[in-house]
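One structure is given below, encoded as structure tokens.
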Amino acid sequence: MSAAAPLPALPYVRAIAPYVPGRPIDDLAREIGMPPEQIVKLASNENPLGAPEGAVAALRAAAGEVGRYPDGNAHGLRTALAQRLSVPPGWLTIGSGSNDILEMAAAVLLAPGRSCVFSQYSFAVYALATQARGARAIRVPADAGLGHDLAAMARAVEPDTRLVYVANPNNPTGTFLAPAALEAFLAALPCDVVVVLDEAYNEYLPEAQRHDAVAWVRRHPNLLLSRTFSKAYGLAGLRVGYGVCQPELAGLLDRVRLPFNVSTVAQAAACAALADTAFLQRSYACNRAGLAQLAGGFDALGLRHIPSSANFVLVQVGDADAVNRALLARGVIVRPVANYGLPEWLRVSVGLEAENRRFLEALSAALSATAAAAPRGAAGDAR
């Protein structure tokens, strides 16, 4: 029997480095022999409060319907969102997490011979979605604060550019773009270039930074606003997100959207979570306190960190790989970001007060251990 020929995959698909999620708690618990309940996971920007009680109750109530296909149009959720955002239901596309919305945009707009613009240190899915369609990625260098350089991104748009991804706040840096600068950027782009404004962390913005991005959608037919229930709403495990855009673009997204892409129980839980404004406020308050706690801890350790408008902080620790290994040995999971081109940095999600304290104690010990193990003269003081 002759050797099997390689599968006829497209070369740009073969070249993709698959997305690597945060390490599961159970996986680390098995490796280091620590009970799972003693592991602290601050790696995936999850809500440390968990899901709202009402959302869990709605999920359980809807469980009896899982023998049938979900409502493919997500009528209940779409209607609730339309009322909350004051837009027609036809301006909404429901996705399996906002990740789904990002991928739909790429499926509609990108192909070989087209290009996509995004910032140097921005969500990994932008590059993955671009490469999966055989399009050309135009990665624009970040500004001095590791955030988006909007002026440089505008200059980077070429005649074949059809899509621009902008995250606000940005992942993994937590940086924020001023609303006036962002709308000026939108207004300056050609009308045949679609901008995906990724606002996965929008609900965590402090009062001074809040703005009406939905109003921009009314003024810009080439704008797609992407949001999620995975972060502040606490439904990361259910995968629910949505896009807001004018009807022509929404209709195109629906052409590539997978049928029944959001489950019955996820739709029910999302409707309940959307109605629970008290839980959303608790999530916001918990996050603001956690950001202050982490920033204070980093300052006490003499570590550079980027001021964050999201639910995580990017911190420079020197040999991040070694520090991360030392943290894992102590039962703490954070997110190395060497894959973003930031090998000296760790991204740390905000946890509960006790989880943040446990992490900061483990970080202090990890820094001491890695400094002691480093060869004399090694670069370990980049912080």
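Naming works like this for the structure tokens: A, B, ... for the chains as they're shown, residue 1 at the start of each chain, ligands 1 onward in shown order.
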
Practice problem: Enumerate as a PyMOL selection string all residues of stretch 249-289 of chain A assigned to alpha helix (DSSP H) by DSSP on the backbone, naming them with the chain letters and numbers the document uses. | Solution: chain A and resi 249-256+264-275+277-289

Quiz prompt | Distance query A:Gly90 at most 9 Å, only C-alpha atoms, self and fewer than 6 positions along chain excluded, as JSON, numbers by chain | solution = {"A": [78, 82, 245, 246, 247, 250, 251]}

Expected file contents, prior selection, N, CA and C atoms, as a short mmCIF file (atom, residue, chain, number, x, y, z; two decimals), in the first residue's frame:
data_model
loop_
_atom_site.label_atom_id
_atom_site.label_comp_id
_atom_site.auth_asym_id
_atom_site.auth_seq_id
_atom_site.Cartn_x
_atom_site.Cartn_y
_atom_site.Cartn_z
N ARG A 78 -32.93 38.60 20.40
CA ARG A 78 -32.82 39.71 19.44
C ARG A 78 -33.77 40.86 19.82
N ALA A 82 -32.67 44.56 20.95
CA ALA A 82 -33.16 45.69 20.16
C ALA A 82 -33.77 46.75 21.07
N CYS A 245 -25.19 46.36 13.36
CA CYS A 245 -24.81 47.03 12.12
C CYS A 245 -26.07 47.34 11.32
N GLN A 246 -25.92 48.11 10.27
CA GLN A 246 -27.07 48.44 9.44
C GLN A 246 -27.51 47.22 8.62
N PRO A 247 -28.76 47.22 8.13
CA PRO A 247 -29.36 45.99 7.59
C PRO A 247 -28.61 45.33 6.44
N ALA A 250 -25.87 43.40 8.01
CA ALA A 250 -26.47 42.33 8.83
C ALA A 250 -26.96 41.20 7.94
N GLY A 251 -27.55 41.53 6.80
CA GLY A 251 -28.02 40.49 5.88
C GLY A 251 -26.89 39.65 5.33
#

List every residue of stretch 215-276 of chain A that has an atom at most 12 Å from any atom of stretch 297-313 of chain A, giving for each one its closest atom pair and the distance in Å to one decimal, counting only C-alpha atoms, sorted by chain and then by ascending residue number, as CSV.
residue,atom,partner,partner_atom,distance
A:Ser230,CA,A:Asn311,CA,11.8
A:Lys231,CA,A:Asn311,CA,8.3
A:Ala232,CA,A:Asn311,CA,8.6

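Separating atom CA of A:Glu183 from atom CA of A:Arg155 is a distance of 15.7 Å.
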
Quiz prompt | Which of A:Asn99, A:Ser263, A:Ser44, A:Ser364 sits closest to A:Val323 [using only C-alpha atoms] | solution =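 Comparing A:Asn99, A:Ser263, A:Ser44, A:Ser364 against A:Val323, the winner is A:Ser364.
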
Exercise. Could you find all residues in stretch 175-221 of chain A that DSSP calls strand (DSSP E) from the backbone, and write them as a list in words?
Key: Val194, Val195, Val196, Leu197 and Asp198 of chain A

Could those residues be written to a file, using N, CA and C atoms, as an mmCIF file, in the first residue's frame?
data_model
loop_
_atom_site.group_PDB
_atom_site.id
_atom_site.type_symbol
_atom_site.label_atom_id
_atom_site.label_comp_id
_atom_site.auth_asym_id
_atom_site.auth_seq_id
_atom_site.Cartn_x
_atom_site.Cartn_y
_atom_site.Cartn_z
ATOM 1 N N VAL A 194 -14.975 47.997 5.802
ATOM 2 C CA VAL A 194 -15.798 47.748 6.983
ATOM 3 C C VAL A 194 -14.912 47.726 8.220
ATOM 4 N N VAL A 195 -15.350 48.417 9.258
ATOM 5 C CA VAL A 195 -14.649 48.421 10.535
ATOM 6 C C VAL A 195 -15.434 47.558 11.515
ATOM 7 N N VAL A 196 -14.777 46.562 12.088
ATOM 8 C CA VAL A 196 -15.348 45.812 13.198
ATOM 9 C C VAL A 196 -14.815 46.432 14.478
ATOM 10 N N LEU A 197 -15.710 47.038 15.237
ATOM 11 C CA LEU A 197 -15.338 47.625 16.528
ATOM 12 C C LEU A 197 -15.667 46.594 17.604
ATOM 13 N N ASP A 198 -14.636 45.956 18.107
ATOM 14 C CA ASP A 198 -14.763 44.856 19.058
ATOM 15 C C ASP A 198 -14.824 45.426 20.473
#

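Using only C-alpha atoms, the nearest neighbour of A:Pro21 within the list A:Ala127, A:Ala61, A:Ile333, A:Val350 is A:Ile333.
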
Exercise. Might you pull out every residue within 10 Å of stretch 9-11 of chain A, with only C-alpha atoms counted and same-chain residues fewer than 4 positions away left off, and present them as number ranges by chain?
Key: A: 15-16, 132-134

For the residues selected in the previous step, produce a file with N, CA and C atoms as a CSV table (one decimal), in the first residue's frame.
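Writing the result to again.csv gives the following:
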chain,number,residue,atom,x,y,z
A,15,ALA,N,-0.8,26.8,7.3
A,15,ALA,CA,0.2,27.7,8.0
A,15,ALA,C,-0.4,28.3,9.3
A,16,ILE,N,-1.6,28.1,9.6
A,16,ILE,CA,-2.2,28.7,10.8
A,16,ILE,C,-1.7,28.0,12.0
A,132,ALA,N,-7.1,32.5,7.6
A,132,ALA,CA,-8.0,31.4,7.2
A,132,ALA,C,-8.7,31.7,5.9
A,133,ARG,N,-8.9,33.0,5.5
A,133,ARG,CA,-9.5,33.3,4.2
A,133,ARG,C,-8.5,33.6,3.1
A,134,GLY,N,-7.2,33.4,3.4
A,134,GLY,CA,-6.2,33.6,2.4
A,134,GLY,C,-6.0,35.1,2.1

Exercise. Point out the residue among A:Leu280, A:Ala362, A:Val244, A:Ala181 with the least atom-to-atom distance to A:Tyr204, counting only C-alpha atoms.
Key: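 When distances to A:Tyr204 are compared using only C-alpha atoms, the smallest one comes from A:Leu280.
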
Exercise. List the neighbours of A:Gly50 out to 10 Å using only C-alpha atoms; skip same-chain residues closer than 6 positions along the sequence, and give me the result as a ChimeraX atom specification.
Key: /A:56,231-237,283

Exercise. Skip stretch 218-227 of chain A itself and residues of its chain fewer than 3 positions away, then list as a PyMOL selection string all residues within 8 Å of it, counting only C-alpha atoms.
Key: chain A and resi 98+101-102+186-187+191-202+213-215+241-246+249

Practice problem: Write out as a PyMOL selection string which residues come within 7 Å of A:Trp345 when counting only C-alpha atoms, dropping same-chain ones fewer than 2 positions away. | Solution: chain A and resi 314-317+320+336-337+342-343+347

Could you write those residues out with C-alpha atoms, as a CSV table (one decimal), in the first residue's frame?
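Dumped to selection-v4.csv:
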chain,number,residue,atom,x,y,z
A,314,LEU,CA,-0.8,43.4,31.3
A,315,VAL,CA,2.3,43.4,33.5
A,316,GLN,CA,6.0,43.2,32.6
A,317,VAL,CA,7.9,40.6,34.7
A,320,ALA,CA,7.8,35.8,31.7
A,336,PRO,CA,1.7,34.4,28.9
A,337,VAL,CA,1.6,36.6,25.8
A,342,LEU,CA,5.4,40.3,24.3
A,343,PRO,CA,7.7,37.7,25.8
A,347,ARG,CA,-1.8,39.1,31.2
